[in-house]
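Okay, structure-v7.pdb now, which holds PDB, C-alpha atoms:
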ATOM      1  CA  MET A  22     246.569 234.770  27.368
ATOM      2  CA  SER A  23     250.322 235.100  26.925
ATOM      3  CA  THR A  24     252.981 233.460  29.020
ATOM      4  CA  LEU A  25     256.642 234.362  29.328
ATOM      5  CA  VAL A  26     259.273 231.696  29.757
ATOM      6  CA  PRO A  27     262.789 233.026  30.411
ATOM      7  CA  VAL A  28     265.406 231.217  28.344
ATOM      8  CA  LYS A  29     268.215 232.830  30.329
ATOM      9  CA  SER A  30     267.741 234.594  33.647
ATOM     10  CA  GLY A  31     268.580 238.264  33.812
ATOM     11  CA  ASN A  32     267.969 241.692  35.209
ATOM     12  CA  ASN A  33     264.981 242.781  33.113
ATOM     13  CA  TYR A  34     262.352 244.795  34.873
ATOM     14  CA  ASP A  35     259.184 242.840  35.565
ATOM     15  CA  LYS A  36     257.046 245.584  34.033
ATOM     16  CA  ASP A  37     259.020 245.345  30.771
ATOM     17  CA  ILE A  38     258.250 241.646  30.594
ATOM     18  CA  VAL A  39     254.587 242.199  31.411
ATOM     19  CA  GLN A  40     254.348 244.773  28.625
ATOM     20  CA  LEU A  41     256.016 242.409  26.180
ATOM     21  CA  ALA A  42     253.760 239.489  27.086
ATOM     22  CA  GLY A  43     250.561 241.427  27.727
ATOM     23  CA  TYR A  44     250.622 244.154  25.105
ATOM     24  CA  TYR A  45     253.230 243.700  22.388
ATOM     25  CA  ALA A  46     252.487 239.991  22.042
ATOM     26  CA  TYR A  47     249.122 240.918  20.520
ATOM     27  CA  ARG A  48     250.380 243.629  18.156
ATOM     28  CA  SER A  49     251.483 243.190  14.579
ATOM     29  CA  LYS A  50     255.169 242.329  14.499
ATOM     30  CA  LYS A  51     257.862 240.830  12.311
ATOM     31  CA  GLU A  52     261.294 239.345  12.891
ATOM     32  CA  GLY A  53     263.915 242.042  13.319
ATOM     33  CA  ASP A  54     261.477 244.595  14.768
ATOM     34  CA  SER A  55     262.724 246.506  17.805
ATOM     35  CA  ILE A  56     260.580 247.417  20.787
ATOM     36  CA  LYS A  57     261.636 250.086  23.293
ATOM     37  CA  ILE A  58     260.229 249.780  26.810
ATOM     38  CA  ASN A  59     261.448 251.948  29.700
ATOM     39  CA  ASP A  60     264.750 252.749  27.946
ATOM     40  CA  THR A  61     265.423 249.074  27.155
ATOM     41  CA  ILE A  62     265.458 247.884  23.560
ATOM     42  CA  TYR A  63     264.244 244.389  22.708
ATOM     43  CA  THR A  64     264.568 242.840  19.245
ATOM     44  CA  ILE A  65     262.211 240.171  17.897
ATOM     45  CA  ARG A  66     264.416 237.301  16.757
ATOM     46  CA  ASN A  67     261.879 234.606  15.850
ATOM     47  CA  ILE A  68     258.115 234.275  15.417
ATOM     48  CA  LYS A  69     256.116 231.032  15.265
ATOM     49  CA  GLU A  70     252.374 231.144  14.604
ATOM     50  CA  ASP A  71     250.013 228.167  14.687
ATOM     51  CA  ARG A  72     246.694 229.190  13.160
ATOM     52  CA  ILE A  73     245.083 225.843  13.985
ATOM     53  CA  SER A  74     245.770 225.757  17.743
ATOM     54  CA  GLY A  75     245.943 229.521  18.203
ATOM     55  CA  LEU A  76     249.187 229.144  20.153
ATOM     56  CA  ASP A  77     251.852 231.550  18.946
ATOM     57  CA  ALA A  78     255.329 232.290  20.284
ATOM     58  CA  PHE A  79     258.048 234.793  19.674
ATOM     59  CA  THR A  80     261.624 235.085  20.871
ATOM     60  CA  ILE A  81     262.987 238.455  21.917
ATOM     61  CA  GLU A  82     266.494 239.603  22.738
ATOM     62  CA  ASN A  83     267.433 242.324  25.191
ATOM     63  CA  TYR A  84     269.759 244.484  23.087
ATOM     64  CA  LYS A  85     271.949 245.521  26.024
ATOM     65  CA  THR A  86     272.297 242.233  27.936
ATOM     66  CA  LYS A  87     271.900 239.847  24.952
ATOM     67  CA  GLU A  88     269.435 237.784  27.021
ATOM     68  CA  TYR A  89     266.653 235.930  25.201
ATOM     69  CA  TYR A  90     263.024 235.395  26.234
ATOM     70  CA  VAL A  91     260.261 233.316  24.684
ATOM     71  CA  ILE A  92     256.749 234.738  24.874
ATOM     72  CA  TYR A  93     253.793 232.421  24.265
ATOM     73  CA  VAL A  94     250.469 233.853  23.152
ATOM     74  CA  GLY A  95     247.190 231.947  23.377
ATOM     75  CA  THR A  96     243.632 233.188  23.610
ATOM     76  CA  GLU A  97     242.745 236.831  23.125
ATOM     77  CA  ASP A  98     239.594 237.605  25.073
ATOM     78  CA  LEU A  99     238.371 240.257  27.490
ATOM     79  CA  ALA A 100     239.493 238.286  30.560
ATOM     80  CA  ASP A 101     243.060 238.193  29.202
ATOM     81  CA  THR A 102     243.011 241.929  28.597
ATOM     82  CA  LYS A 103     241.819 242.624  32.154
ATOM     83  CA  THR A 104     244.526 240.380  33.613
ATOM     84  CA  ASN A 105     247.218 242.042  31.509
ATOM     85  CA  ILE A 106     246.113 245.487  32.674
ATOM     86  CA  GLN A 107     246.166 244.332  36.294
ATOM     87  CA  LEU A 108     249.706 242.997  35.860
ATOM     88  CA  LEU A 109     250.858 246.499  34.941
ATOM     89  CA  SER A 110     249.364 247.903  38.126
ATOM     90  CA  GLU A 111     249.842 247.140  41.780
ATOM     91  CA  LEU A 112     246.639 245.037  41.770
ATOM     92  CA  GLU A 113     246.918 241.302  42.157
ATOM     93  CA  PRO A 114     245.411 239.488  39.111
ATOM     94  CA  LYS A 115     242.307 237.394  39.772
TER      95      LYS A 115
END

So that I can check it, write out the structure of this file as structure tokens.
Amino acid sequence: MSTLVPVKSGNNYDKDIVQLAGYYAYRSKKEGDSIKINDTIYTIRNIKEDRISGLDAFTIENYKTKEYYVIYVGTEDLADTKTNIQLLSELEPK
């Protein structure tokens, strides 16, 4: 399951953040990569991976606002996937 911790508050759309934490967090990525979501460009500034604990994190920057966010990624199981899909919809996660 991934968790998003804002480093600086801003005006990002909630669905952008959900996509970053629930979808892009689990995709192959490297520092400097850009991700475009709903006409907003985010750049990956830092990646930390801990193979022993399984807890990973990456820092992203909103290209337009220069705001930074840290996304934590933990387990990757079916329950996480279902929750992430629900977050993108109007359903309340269970």

Task: Of the listed residues A:Phe79, A:Ile62, A:Asp37, A:Asp71, that which approaches Ser49 of chain A most closely, counting only C-alpha atoms - done: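 Between A:Phe79, A:Ile62, A:Asp37, A:Asp71, the residue approaching Ser49 of chain A most closely is A:Phe79.
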
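Nearest residue to Tyr63 of chain A, choosing from A:Tyr89, A:Lys36, A:Leu41, A:Ile81 and counting all atoms listed in the file: A:Ile81.
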
Open item on the list: the PyMOL selection byres ((chain A and resi 65) around 6) - which residues does that actually catch in the file I just gave you? List them as a PyMOL selection string.
Closed with: chain A and resi 52-54+64+66-67+80-81

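Closest approach to Tyr47 of chain A among A:Asp60, A:Glu88, A:Val94, A:Ile73: A:Val94, based on only C-alpha atoms.
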
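Using all atoms listed in the file, the smallest distance between any of A:Tyr45, A:Thr61, A:Lys50, A:Val39 and Thr86 of chain A comes from A:Thr61.
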
Task: Interatomic distance (Å, one decimal) between atom CA of Arg48 of chain A and atom CA of Arg72 of chain A - done: 15.7 Å

Task: Pick from A:Ile92, A:Ser74, A:Ile68, A:Lys85 nearest to Lys51 of chain A, counting only C-alpha atoms - done: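 So, comparing all the options, the nearest one is A:Ile68.
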